[in-house]
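Asks: Below is the file run-v6.cif, with mmCIF, C-alpha atoms.
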```cif
data_coords
#
loop_
_atom_site.label_atom_id
_atom_site.label_comp_id
_atom_site.auth_asym_id
_atom_site.auth_seq_id
_atom_site.Cartn_x
_atom_site.Cartn_y
_atom_site.Cartn_z
CA MET A 1 8.64 -26.24 -15.51
CA ASN A 2 9.21 -22.61 -16.46
CA ALA A 3 12.81 -23.21 -17.52
CA GLU A 4 11.61 -25.22 -20.50
CA LYS A 5 9.18 -22.57 -21.69
CA THR A 6 10.02 -20.08 -24.41
CA TYR A 7 9.86 -16.33 -23.84
CA GLU A 8 6.64 -16.14 -25.88
CA GLU A 9 5.01 -18.84 -23.79
CA LYS A 10 6.03 -17.12 -20.56
CA LEU A 11 4.75 -13.77 -21.84
CA ALA A 12 1.42 -15.27 -22.92
CA GLU A 13 1.01 -16.94 -19.52
CA PHE A 14 1.93 -13.70 -17.74
CA GLU A 15 -0.53 -11.66 -19.79
CA SER A 16 -3.41 -14.07 -19.30
CA ARG A 17 -2.75 -14.21 -15.54
CA VAL A 18 -2.71 -10.42 -15.31
CA ALA A 19 -5.82 -10.16 -17.48
CA ARG A 20 -7.62 -12.49 -15.04
CA GLY A 21 -6.82 -9.99 -12.29
CA GLU A 22 -4.10 -12.08 -10.63
CA LYS A 23 -1.30 -10.21 -8.87
CA VAL A 24 2.39 -10.31 -9.69
CA GLU A 25 4.85 -10.76 -6.80
CA PRO A 26 8.59 -9.92 -6.66
CA GLY A 27 9.85 -13.44 -7.36
CA ASP A 28 7.50 -14.00 -10.32
CA TRP A 29 8.62 -14.08 -13.91
CA MET A 30 7.78 -10.73 -15.56
CA PRO A 31 8.65 -9.07 -18.87
CA GLU A 32 11.65 -6.73 -18.58
CA ASP A 33 9.51 -3.76 -19.70
CA TYR A 34 7.00 -4.47 -16.94
CA ARG A 35 9.82 -4.34 -14.39
CA LYS A 36 11.31 -1.17 -15.90
CA THR A 37 7.98 0.64 -16.14
CA LEU A 38 7.16 -0.14 -12.52
CA ILE A 39 10.60 0.89 -11.24
CA ARG A 40 10.20 4.20 -13.08
CA MET A 41 6.60 4.74 -11.91
CA ILE A 42 7.07 3.74 -8.27
CA GLY A 43 10.37 5.64 -8.07
CA GLN A 44 8.75 8.82 -9.41
CA HIS A 45 5.85 8.30 -7.04
CA ALA A 46 8.26 7.97 -4.08
CA HIS A 47 10.16 11.11 -5.15
CA SER A 48 6.83 12.95 -5.39
CA GLU A 49 6.01 12.11 -1.78
CA ILE A 50 9.45 13.30 -0.62
CA VAL A 51 9.40 16.55 -2.63
CA GLY A 52 5.71 16.96 -1.79
CA GLN A 53 6.67 17.66 1.82
CA LEU A 54 8.39 20.89 0.85
CA PRO A 55 5.67 23.26 -0.45
CA GLU A 56 3.59 22.70 2.70
CA GLY A 57 6.44 22.04 5.12
CA LYS A 58 7.61 25.62 4.82
CA TRP A 59 4.26 26.72 6.33
CA ILE A 60 4.67 24.69 9.55
CA PRO A 61 6.21 27.62 11.51
CA PHE A 62 3.43 29.95 10.32
CA ALA A 63 0.34 27.75 10.70
CA PRO A 64 -2.53 29.70 12.29
CA GLY A 65 -2.91 28.07 15.68
CA PHE A 66 -1.47 25.05 17.46
CA ARG A 67 -4.04 22.52 16.20
CA ARG A 68 -3.41 23.47 12.55
CA LYS A 69 0.34 23.29 13.19
CA LEU A 70 0.11 19.78 14.67
CA THR A 71 -2.14 18.68 11.81
CA LEU A 72 0.28 20.01 9.22
CA ILE A 73 3.25 18.33 10.89
CA ALA A 74 1.31 15.03 10.88
CA LYS A 75 0.47 15.43 7.20
CA VAL A 76 4.05 16.19 6.21
CA GLN A 77 5.24 13.23 8.29
CA ASP A 78 2.76 11.04 6.39
CA GLU A 79 4.28 12.14 3.08
CA ALA A 80 7.75 11.13 4.31
CA GLY A 81 6.34 7.77 5.38
CA HIS A 82 4.68 7.28 1.98
CA GLY A 83 7.99 8.01 0.28
CA GLN A 84 9.71 5.33 2.37
CA LEU A 85 6.95 2.75 1.67
CA LEU A 86 7.23 3.43 -2.06
CA TYR A 87 11.04 3.30 -2.20
CA ARG A 88 10.76 -0.12 -0.56
CA ALA A 89 8.13 -1.26 -3.08
CA ALA A 90 10.42 -0.17 -5.93
CA GLU A 91 13.36 -1.98 -4.30
CA THR A 92 11.52 -5.31 -4.61
CA LEU A 93 12.03 -4.90 -8.38
CA GLY A 94 15.79 -4.72 -8.05
CA LYS A 95 16.77 -1.05 -7.79
CA SER A 96 18.25 0.13 -4.49
CA ARG A 97 16.81 2.98 -2.47
CA GLU A 98 20.24 4.59 -2.43
CA GLU A 99 20.32 4.68 -6.23
CA MET A 100 16.90 6.32 -6.35
CA LEU A 101 17.81 8.89 -3.68
CA GLU A 102 20.99 9.76 -5.59
CA GLU A 103 19.06 10.25 -8.82
CA LEU A 104 16.69 12.63 -7.08
CA LEU A 105 19.52 14.66 -5.52
CA ALA A 106 21.37 14.75 -8.84
CA GLY A 107 18.29 16.21 -10.54
CA LYS A 108 18.00 13.16 -12.82
CA ALA A 109 14.69 11.89 -11.43
CA LYS A 110 11.20 13.17 -12.11
CA TYR A 111 8.56 13.83 -9.49
CA ALA A 112 4.98 15.11 -9.56
CA ASN A 113 4.98 18.31 -11.51
CA VAL A 114 2.44 19.93 -9.22
CA PHE A 115 5.06 20.44 -6.50
CA ASN A 116 6.99 22.86 -8.69
CA TYR A 117 4.37 25.55 -8.05
CA PRO A 118 4.73 28.07 -5.20
CA THR A 119 2.77 28.33 -1.93
CA PRO A 120 2.70 32.08 -1.18
CA THR A 121 -0.32 32.07 1.19
CA TRP A 122 -1.84 29.93 3.95
CA ALA A 123 -4.74 29.14 1.61
CA ASP A 124 -2.29 27.20 -0.56
CA VAL A 125 -1.76 24.71 2.26
CA GLY A 126 -5.50 24.05 2.49
CA VAL A 127 -5.93 23.87 -1.27
CA ILE A 128 -3.03 21.43 -1.63
CA GLY A 129 -4.60 19.13 0.96
CA TRP A 130 -8.01 19.43 -0.65
CA LEU A 131 -7.39 19.62 -4.41
CA VAL A 132 -3.94 18.04 -4.88
CA ASP A 133 -4.67 15.18 -2.51
CA THR A 134 -8.14 14.55 -4.00
CA ALA A 135 -6.48 14.24 -7.41
CA ALA A 136 -3.81 12.02 -5.81
CA VAL A 137 -6.37 9.77 -4.14
CA VAL A 138 -8.35 9.27 -7.36
CA ASN A 139 -5.12 8.19 -9.03
CA GLN A 140 -3.92 6.11 -6.09
CA THR A 141 -7.26 4.34 -5.64
CA MET A 142 -6.89 3.27 -9.27
CA LEU A 143 -3.28 2.20 -8.54
CA SER A 144 -4.36 0.15 -5.50
CA GLN A 145 -5.79 -2.22 -8.14
CA THR A 146 -2.45 -2.44 -9.97
CA SER A 147 -1.22 -5.91 -10.93
CA TYR A 148 2.04 -5.52 -8.97
CA GLY A 149 1.38 -6.81 -5.44
CA PRO A 150 3.85 -4.69 -3.39
CA TYR A 151 2.71 -1.46 -5.12
CA ALA A 152 -0.97 -2.32 -4.56
CA ARG A 153 -0.34 -3.01 -0.87
CA ALA A 154 1.52 0.29 -0.41
CA MET A 155 -1.28 2.17 -2.20
CA LYS A 156 -3.98 0.80 0.09
CA ARG A 157 -2.14 2.00 3.18
CA ILE A 158 -1.37 5.37 1.59
CA CYS A 159 -4.97 6.02 0.44
CA TYR A 160 -6.19 5.58 4.00
CA GLU A 161 -3.87 8.34 5.20
CA GLU A 162 -4.55 10.61 2.24
CA SER A 163 -8.22 10.79 3.19
CA PHE A 164 -7.12 12.59 6.38
CA HIS A 165 -5.11 14.99 4.20
CA ILE A 166 -8.14 15.84 2.09
CA LYS A 167 -10.42 16.38 5.08
CA GLN A 168 -7.99 18.68 6.90
CA GLY A 169 -7.40 20.63 3.67
CA TYR A 170 -11.10 21.02 2.99
CA ASP A 171 -11.65 22.13 6.58
CA ALA A 172 -8.91 24.80 6.33
CA VAL A 173 -10.37 26.19 3.07
CA ALA A 174 -13.95 26.04 4.37
CA VAL A 175 -12.96 28.30 7.29
CA LEU A 176 -11.54 30.83 4.81
CA ALA A 177 -14.57 30.52 2.50
CA LYS A 178 -16.88 31.42 5.37
CA GLY A 179 -14.58 34.15 6.67
CA THR A 180 -13.94 37.81 5.84
CA PRO A 181 -13.94 39.05 2.22
CA GLU A 182 -10.12 39.03 2.35
CA GLN A 183 -10.09 35.39 3.49
CA ARG A 184 -12.55 34.38 0.76
CA ALA A 185 -10.41 36.19 -1.80
CA MET A 186 -7.32 34.35 -0.54
CA ALA A 187 -9.06 30.96 -0.88
CA GLN A 188 -10.31 31.83 -4.38
CA ASP A 189 -6.87 33.03 -5.46
CA ALA A 190 -5.32 29.73 -4.34
CA ILE A 191 -7.95 27.70 -6.22
CA ASN A 192 -7.34 29.83 -9.33
CA ARG A 193 -3.63 29.03 -9.21
CA TRP A 194 -3.96 25.30 -8.41
CA TRP A 195 -6.85 24.35 -10.71
CA TYR A 196 -4.86 23.71 -13.87
CA PRO A 197 -1.74 22.22 -12.19
CA THR A 198 -4.02 19.68 -10.44
CA LEU A 199 -5.72 18.83 -13.76
CA MET A 200 -2.26 18.01 -15.13
CA MET A 201 -1.52 15.54 -12.32
CA SER A 202 -3.15 12.57 -14.03
CA GLY A 203 -0.86 13.07 -17.02
CA PRO A 204 -1.30 14.10 -20.63
CA PRO A 205 -4.23 12.82 -22.72
CA ASP A 206 -3.72 9.20 -23.63
CA THR A 207 -3.19 10.13 -27.26
CA LEU A 208 -0.05 12.01 -26.15
CA SER A 209 1.10 9.52 -23.53
CA THR A 210 3.70 7.04 -24.71
CA HIS A 211 3.33 4.51 -21.89
CA SER A 212 -0.44 4.26 -21.54
CA GLN A 213 -1.44 1.35 -23.77
CA GLN A 214 1.16 -1.10 -22.53
CA SER A 215 0.48 -0.10 -18.90
CA LEU A 216 -3.23 -0.75 -19.34
CA LYS A 217 -2.66 -4.10 -20.99
CA TRP A 218 -0.43 -5.26 -18.12
CA ARG A 219 -2.81 -3.69 -15.61
CA ILE A 220 -0.03 -1.54 -14.16
CA LYS A 221 -2.70 1.12 -14.48
CA THR A 222 -6.37 0.17 -14.62
CA LYS A 223 -7.76 3.46 -15.96
CA THR A 224 -6.67 5.93 -18.61
CA ASN A 225 -5.34 9.39 -17.71
CA GLU A 226 -8.54 10.93 -19.08
CA GLN A 227 -10.74 8.68 -16.94
CA VAL A 228 -8.77 9.57 -13.81
CA ARG A 229 -8.92 13.30 -14.61
CA GLN A 230 -12.68 13.15 -15.27
CA GLU A 231 -13.22 11.41 -11.93
CA TYR A 232 -11.27 14.16 -10.20
CA VAL A 233 -13.22 16.98 -11.86
CA ASP A 234 -16.55 15.24 -11.14
CA LEU A 235 -15.60 15.08 -7.46
CA ILE A 236 -14.01 18.45 -6.91
CA ALA A 237 -15.91 20.93 -9.14
CA PRO A 238 -19.23 20.60 -7.27
CA GLN A 239 -17.39 20.73 -3.90
CA ILE A 240 -15.70 24.01 -4.85
CA ARG A 241 -19.04 25.52 -5.84
CA ALA A 242 -20.74 24.24 -2.69
CA LEU A 243 -18.33 26.36 -0.65
CA GLY A 244 -19.40 29.44 -2.60
CA LEU A 245 -16.11 29.50 -4.49
CA SER A 246 -15.73 29.20 -8.23
CA VAL A 247 -13.85 27.01 -10.66
CA PRO A 248 -11.57 29.25 -12.75
CA ASP A 249 -12.94 27.86 -16.02
CA ASN A 250 -16.04 29.51 -17.54
CA ASP A 251 -16.62 26.39 -19.58
CA CYS A 252 -16.82 24.08 -16.54
CA HIS A 253 -20.37 22.71 -16.40
CA VAL A 254 -22.27 19.43 -16.22
CA ASP A 255 -22.70 17.92 -19.67
CA GLU A 256 -26.42 17.08 -19.96
CA LYS A 257 -25.78 14.01 -22.08
CA THR A 258 -22.88 12.37 -20.23
CA LYS A 259 -23.75 13.73 -16.75
CA HIS A 260 -20.02 14.37 -16.31
CA TRP A 261 -18.43 17.75 -15.73
CA HIS A 262 -17.07 19.29 -18.89
CA TYR A 263 -13.79 21.22 -18.43
CA THR A 264 -11.14 23.03 -20.47
CA GLN A 265 -7.94 21.03 -20.98
CA PRO A 266 -4.85 22.46 -19.30
CA ASP A 267 -1.90 23.76 -21.32
CA TRP A 268 0.04 20.58 -22.03
CA ASP A 269 3.05 22.55 -23.29
CA GLU A 270 3.30 24.10 -19.84
CA LEU A 271 3.41 20.60 -18.32
CA LYS A 272 6.26 19.66 -20.66
CA ARG A 273 8.18 22.83 -19.78
CA VAL A 274 7.78 22.45 -16.02
CA VAL A 275 8.54 18.70 -16.00
CA ASN A 276 11.74 19.43 -17.87
CA GLY A 277 12.92 21.85 -15.20
CA ASP A 278 11.53 25.22 -16.24
CA GLY A 279 8.86 25.64 -13.55
CA PRO A 280 8.53 28.38 -10.94
CA CYS A 281 10.02 26.30 -8.10
CA ASN A 282 12.05 23.41 -9.61
CA LYS A 283 15.38 24.86 -8.45
CA GLU A 284 14.11 25.82 -5.00
CA ARG A 285 12.65 22.34 -4.35
CA LEU A 286 15.80 20.49 -5.34
CA GLY A 287 17.95 23.01 -3.46
CA VAL A 288 16.00 22.48 -0.23
CA ARG A 289 16.05 18.71 -0.70
CA LYS A 290 19.85 18.73 -1.08
CA GLN A 291 20.28 21.01 1.94
CA VAL A 292 18.07 18.77 4.08
CA HIS A 293 20.06 15.74 2.98
CA GLU A 294 23.32 17.43 4.05
CA ASP A 295 21.80 18.67 7.32
CA GLY A 296 20.81 15.09 8.17
CA ARG A 297 24.22 13.63 7.43
CA TRP A 298 25.42 13.80 11.05
CA VAL A 299 22.43 11.70 12.14
CA ARG A 300 23.26 9.00 9.61
CA GLU A 301 26.93 9.12 10.62
CA ALA A 302 26.04 8.85 14.31
CA LEU A 303 23.85 5.81 13.62
CA ALA A 304 26.62 4.18 11.59
CA ALA A 305 29.15 4.88 14.38
CA ARG A 306 26.79 3.35 16.96
CA GLN A 307 26.46 0.25 14.81
CA ARG A 308 30.25 -0.04 14.33
CA ARG A 309 30.82 0.23 18.07
CA LYS A 310 28.25 -2.46 18.79
CA GLU A 311 29.92 -4.75 16.27
CA ALA A 312 33.36 -4.07 17.83
CA VAL A 313 32.09 -4.94 21.31
CA ALA A 314 30.31 -8.09 20.12
CA MET B 1 27.36 8.63 -0.48
CA SER B 2 27.01 5.21 1.08
CA ASP B 3 25.04 6.16 4.17
CA THR B 4 21.47 6.00 2.92
CA GLN B 5 20.96 2.34 2.09
CA TRP B 6 20.93 0.36 5.35
CA ASP B 7 19.38 -3.09 5.65
CA ALA B 8 15.68 -3.68 5.15
CA TYR B 9 13.68 -5.13 8.03
CA GLU B 10 10.31 -6.80 7.52
CA VAL B 11 7.74 -5.52 10.02
CA PHE B 12 5.05 -7.58 11.76
CA HIS B 13 2.29 -5.72 13.58
CA GLN B 14 0.06 -7.03 16.37
CA LYS B 15 -3.06 -4.96 16.88
CA LYS B 16 -4.09 -6.41 20.24
CA LYS B 17 -3.03 -9.31 22.44
CA GLY B 18 -4.52 -12.53 21.15
CA ASP B 19 -4.23 -11.39 17.52
CA PRO B 20 -1.54 -12.77 15.21
CA HIS B 21 1.43 -10.61 14.19
CA ILE B 22 0.71 -9.59 10.61
CA HIS B 23 3.27 -8.56 8.00
CA VAL B 24 2.63 -4.92 7.12
CA GLY B 25 5.72 -3.91 5.13
CA ALA B 26 9.36 -3.08 5.69
CA VAL B 27 11.63 -0.30 6.92
CA HIS B 28 15.30 0.51 6.39
CA ALA B 29 17.45 0.80 9.50
CA PRO B 30 21.10 0.50 10.57
CA ASP B 31 20.25 -2.05 13.31
CA PRO B 32 17.26 -3.95 14.77
CA GLN B 33 16.62 -1.45 17.59
CA MET B 34 16.42 1.44 15.15
CA ALA B 35 14.25 -0.74 12.92
CA LEU B 36 11.74 -0.98 15.79
CA GLN B 37 11.75 2.82 16.15
CA MET B 38 11.28 3.26 12.41
CA ALA B 39 8.56 0.60 12.36
CA ARG B 40 6.67 2.38 15.15
CA ASP B 41 6.88 5.70 13.27
CA GLN B 42 5.92 4.09 9.97
CA PHE B 43 3.26 1.55 10.93
CA ALA B 44 1.97 2.44 14.40
CA ARG B 45 1.73 6.22 14.36
CA ARG B 46 -2.06 6.01 14.00
CA LEU B 47 -3.37 2.49 14.24
CA GLN B 48 -3.67 0.58 17.49
CA CYS B 49 -0.63 -1.58 18.20
CA VAL B 50 0.63 -3.54 21.21
CA SER B 51 3.64 -5.31 19.71
CA LEU B 52 5.97 -5.09 16.72
CA TRP B 53 8.44 -7.66 15.39
CA VAL B 54 11.22 -6.78 12.98
CA VAL B 55 13.27 -9.33 11.05
CA ASN B 56 16.20 -8.51 8.79
CA SER B 57 14.89 -9.21 5.28
CA ARG B 58 18.02 -11.26 4.54
CA HIS B 59 16.92 -13.75 7.22
CA ILE B 60 13.67 -14.58 5.45
CA THR B 61 13.74 -17.85 3.52
CA GLU B 62 10.99 -18.03 0.92
CA THR B 63 9.53 -20.45 -1.58
CA ASP B 64 10.01 -19.82 -5.27
CA TYR B 65 6.88 -18.63 -7.10
CA GLN B 66 8.27 -20.16 -10.27
CA ASP B 67 8.65 -23.63 -8.74
CA GLU B 68 5.08 -24.64 -9.38
CA ARG B 69 5.72 -28.19 -8.18
CA PHE B 70 6.33 -27.13 -4.57
CA PHE B 71 2.64 -26.71 -3.76
CA ALA B 72 1.34 -29.08 -6.42
CA GLN B 73 -1.47 -31.45 -5.36
CA TRP B 74 -0.44 -34.70 -7.01
CA ILE B 75 -3.43 -36.67 -5.85
CA ASP B 76 -6.99 -35.85 -4.86
CA LYS B 77 -6.75 -34.66 -1.26
CA SER B 78 -10.44 -34.13 -0.61
CA TYR B 79 -10.18 -36.79 2.11
CA ARG B 80 -8.53 -34.04 4.22
CA ASP B 81 -11.61 -31.87 3.95
CA PRO B 82 -14.41 -32.25 6.53
CA LYS B 83 -16.93 -31.41 3.79
CA ALA B 84 -15.95 -34.63 1.99
CA PHE B 85 -17.72 -36.70 4.63
CA GLY B 86 -21.39 -37.17 5.35
CA ALA B 87 -21.30 -37.19 9.17
CA PRO B 88 -23.90 -34.85 10.67
CA GLU B 89 -22.69 -31.65 12.35
CA LYS B 90 -25.13 -31.90 15.22
CA GLU B 91 -28.08 -34.19 15.99
CA GLU B 92 -31.34 -32.41 16.62
CA PRO B 93 -32.56 -33.25 20.16
#
```
What is this file in structure tokens?
Replies:
Amino acid sequence: MNAEKTYEEKLAEFESRVARGEKVEPGDWMPEDYRKTLIRMIGQHAHSEIVGQLPEGKWIPFAPGFRRKLTLIAKVQDEAGHGQLLYRAAETLGKSREEMLEELLAGKAKYANVFNYPTPTWADVGVIGWLVDTAAVVNQTMLSQTSYGPYARAMKRICYEESFHIKQGYDAVAVLAKGTPEQRAMAQDAINRWWYPTLMMSGPPDTLSTHSQQSLKWRIKTKTNEQVRQEYVDLIAPQIRALGLSVPDNDCHVDEKTKHWHYTQPDWDELKRVVNGDGPCNKERLGVRKQVHEDGRWVREALAARQRRKEAVA
Amino acid sequence: MSDTQWDAYEVFHQKKKGDPHIHVGAVHAPDPQMALQMARDQFARRLQCVSLWVVNSRHITETDYQDERFFAQWIDKSYRDPKAFGAPEKEEP
């Protein structure tokens, strides 16, 4: 029986189970740091999906054509759905959705840094779908192998939908890349602005990352930040070139020895600055999120009133 | 701000008649009818679906992963397995 085992015995058992590739479920014994790390990671991931609706959502009224508009609405709805799936996965570890939502609104929670950059043109919408979601899928495919069962299940469902996001983004950029010189310039400008922010998405190099080693050991993550970033560059750099566009890094080329794409590291100080609130759109994103929350209050109140009336009648 | 929690409802999705209802996740909702609406938006906005069940998560009774004895096989139960017997599947004509 577990009750008779010491903490060290339980930890050793847990670690050998995880090392064998077995999954951890909500009712299982787990080290407190495992629980805390996952609550933090899944919570941030959920917040990223919710905030991630905003940079593209503002383009819905201006999408060129009805089909693009419907597609964009569907994509933004997916992000909301992903947020809800992830909040639920985090809840299985003992933190309520309400608590997480409050932390986000209070500006205490972190979310994917990439959403603190602006979307001034239509090309940004395509490039977010193509580049940002390719980077996200590389990371999320890795996370679908995570040792925590509910997170792995959510990731599998989410990856399926993200592949639609990438395809529609690629398609939107491809139209621009084959269009007028102005359209090509618009696509190139968007790629220039999003290249480095998307490289930052997989996190700082593992030498700078405080959580990496423990997360790898417990198979919360199954690849290092550098591995995930390399996979992303290997996928996206040749695709960008194939469209006749260029990667805004003169040093981006295939390394003859490793057969991987070599690239210049992004400015990690910039990541630190933007994560800590000093990015181009941090205030705008949180402001819109708060406004939307207030605008939706009457819906939540109406639902609560309906429920109270049903209970009174019953 | 106490209006964002709501109860969780486990969602079971049936792809086509004849298939089992399979657990696909959970939604938050103020009541079961809204849970069905949320479940449709969350789990059936793309994939084929003919029926959804929702059950308040509080109404699920589950076994304890840490009670290893619950599913323990105290004795050899191979006698329950058809492969444990030598009877032929089918005689050749």
Asks: From the options B:Ile60, B:Val11, B:Met34, B:Ile22, which residue's atoms come nearest to chain A, counting all atoms listed in the file?
Replies: B:Met34
Asks: Which is closer to Tyr87 (chain A) than all the others in A:Leu72, A:Asp206, A:Phe115, A:Arg40, using all atoms listed in the file?
Replies: A:Arg40
Asks: How would you write, as a compact mmCIF listing (two decimals) with C-alpha atoms, in the frame of the given file, the residues chosen by the PyMOL selection byres ((chain A and resi 71) around 12) on this structure?
Replies:
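The result, written out as expr-v1.txt:
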```txt
# COMPACT_ATOMS: atom_id res chain seq x y z
CA GLU A 56 3.59 22.70 2.70
CA GLY A 57 6.44 22.04 5.12
CA TRP A 59 4.26 26.72 6.33
CA ILE A 60 4.67 24.69 9.55
CA ALA A 63 0.34 27.75 10.70
CA PRO A 64 -2.53 29.70 12.29
CA GLY A 65 -2.91 28.07 15.68
CA PHE A 66 -1.47 25.05 17.46
CA ARG A 67 -4.04 22.52 16.20
CA ARG A 68 -3.41 23.47 12.55
CA LYS A 69 0.34 23.29 13.19
CA LEU A 70 0.11 19.78 14.67
CA LEU A 72 0.28 20.01 9.22
CA ILE A 73 3.25 18.33 10.89
CA ALA A 74 1.31 15.03 10.88
CA LYS A 75 0.47 15.43 7.20
CA VAL A 76 4.05 16.19 6.21
CA GLN A 77 5.24 13.23 8.29
CA ASP A 78 2.76 11.04 6.39
CA VAL A 125 -1.76 24.71 2.26
CA GLY A 126 -5.50 24.05 2.49
CA GLY A 129 -4.60 19.13 0.96
CA PHE A 164 -7.12 12.59 6.38
CA HIS A 165 -5.11 14.99 4.20
CA ILE A 166 -8.14 15.84 2.09
CA LYS A 167 -10.42 16.38 5.08
CA GLN A 168 -7.99 18.68 6.90
CA GLY A 169 -7.40 20.63 3.67
CA ASP A 171 -11.65 22.13 6.58
CA ALA A 172 -8.91 24.80 6.33
```
Asks: What does the PyMOL selection byres ((chain B) within 9 of (chain A)) select in this file, as a count of residues only?
Replies: 24
Asks: Once 8 Å is added on each side, what centre and edge lengths in Å to one decimal does the axis-aligned box around all listed atoms of region 32-51 of chain B have, as lines of an AutoDock Vina configuration file?
Replies:
```
center_x = 6.8
center_y = 0.5
center_z = 15.6
size_x = 36.9
size_y = 27.5
size_z = 27.2
```
Asks: State, in Å with one decimal place, the distance from CA of Val127 (chain A) to CA of Met200 (chain A).
Replies: 15.5 Å
Asks: What separation in Å, quoted to one decimal, exists between CA of Pro197 (chain A) and CA of Pro266 (chain A)?
Replies: 7.8 Å
Asks: Report as a list in words the residues that result from applying the PyMOL selection byres ((chain B and resi 13) around 6) to the structure here.
Replies: Phe12, Gln14, His21, Ile22 and Leu52 of chain B
Asks: Quick one: pull the distance between CA of Tyr7 (chain A) and CA of Thr146 (chain A), Å, one decimal.
Replies: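 Distance between the two atoms: 23.2 Å.
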Asks: For a cut-off of 8 Å around (5.8, 20.8, -14.3), file coordinates, pick out all residues using only C-alpha atoms and list them as a ChimeraX atom specification.
Replies: /A:112-117,197,270-279
Asks: At a cut-off of 7 Å, using all atoms listed in the file, what residues contact Gly83 (chain A)? Leave out same-chain residues fewer than 6 positions from it and give the result as a list in words.
Replies: Ala46, His47, Glu49 and Ile50 of chain A
Asks: Please provide as a PyMOL selection string all residues within 10 Å of region 285-287 of chain A, with the sequence filter that same-chain residues fewer than 6 positions apart are discarded (counting only C-alpha atoms).
Replies: chain A and resi 51-55+104-107+115-118+293
Asks: Counting only C-alpha atoms, figure out which residue out of A:Gln265, A:Ser246, A:Thr258, A:Ser147 gets nearest to Glu22 (chain A).
Replies: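 Nearest to Glu22 (chain A): A:Ser147.
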Asks: Using only C-alpha atoms, can you tell me which of A:Pro204, A:Asn250, A:Lys95, A:Trp298 comes closest to Asp269 (chain A)?
Replies: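 Of A:Pro204, A:Asn250, A:Lys95, A:Trp298, the one nearest Asp269 (chain A), counting only C-alpha atoms, is A:Pro204.
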Asks: Would you mind completing region 78-91 of chain B so that it carries N, CA and C atoms, and writing it out as a short mmCIF file (atom, residue, chain, number, x, y, z; two decimals), in the frame of the given file?
Replies:
```
data_model
loop_
_atom_site.label_atom_id
_atom_site.label_comp_id
_atom_site.auth_asym_id
_atom_site.auth_seq_id
_atom_site.Cartn_x
_atom_site.Cartn_y
_atom_site.Cartn_z
N SER B 78 -9.17 -34.53 -1.21
CA SER B 78 -10.44 -34.13 -0.61
C SER B 78 -10.71 -34.89 0.69
N TYR B 79 -9.98 -36.03 0.87
CA TYR B 79 -10.18 -36.79 2.11
C TYR B 79 -9.72 -36.00 3.34
N ARG B 80 -8.95 -34.89 3.10
CA ARG B 80 -8.53 -34.04 4.22
C ARG B 80 -9.58 -32.99 4.60
N ASP B 81 -10.64 -32.94 3.80
CA ASP B 81 -11.61 -31.87 3.95
C ASP B 81 -12.85 -32.38 4.68
N PRO B 82 -13.24 -31.75 5.79
CA PRO B 82 -14.41 -32.25 6.53
C PRO B 82 -15.66 -32.31 5.65
N LYS B 83 -15.74 -31.43 4.64
CA LYS B 83 -16.93 -31.41 3.79
C LYS B 83 -17.04 -32.66 2.92
N ALA B 84 -15.93 -33.44 2.83
CA ALA B 84 -15.95 -34.63 1.99
C ALA B 84 -16.67 -35.79 2.66
N PHE B 85 -17.07 -35.62 3.89
CA PHE B 85 -17.72 -36.70 4.63
C PHE B 85 -19.15 -36.36 5.01
N GLY B 86 -19.96 -37.40 5.15
CA GLY B 86 -21.39 -37.17 5.35
C GLY B 86 -21.83 -37.11 6.81
N ALA B 87 -20.91 -37.16 7.76
CA ALA B 87 -21.30 -37.19 9.17
C ALA B 87 -22.07 -35.92 9.54
N PRO B 88 -23.11 -36.04 10.31
CA PRO B 88 -23.90 -34.85 10.67
C PRO B 88 -23.10 -33.94 11.60
N GLU B 89 -23.35 -32.63 11.49
CA GLU B 89 -22.69 -31.65 12.35
C GLU B 89 -23.20 -31.80 13.78
N LYS B 90 -24.52 -31.90 13.88
CA LYS B 90 -25.13 -31.90 15.22
C LYS B 90 -26.49 -32.58 15.13
N GLU B 91 -26.76 -33.54 16.00
CA GLU B 91 -28.08 -34.19 15.99
C GLU B 91 -29.11 -33.27 16.63
#
```
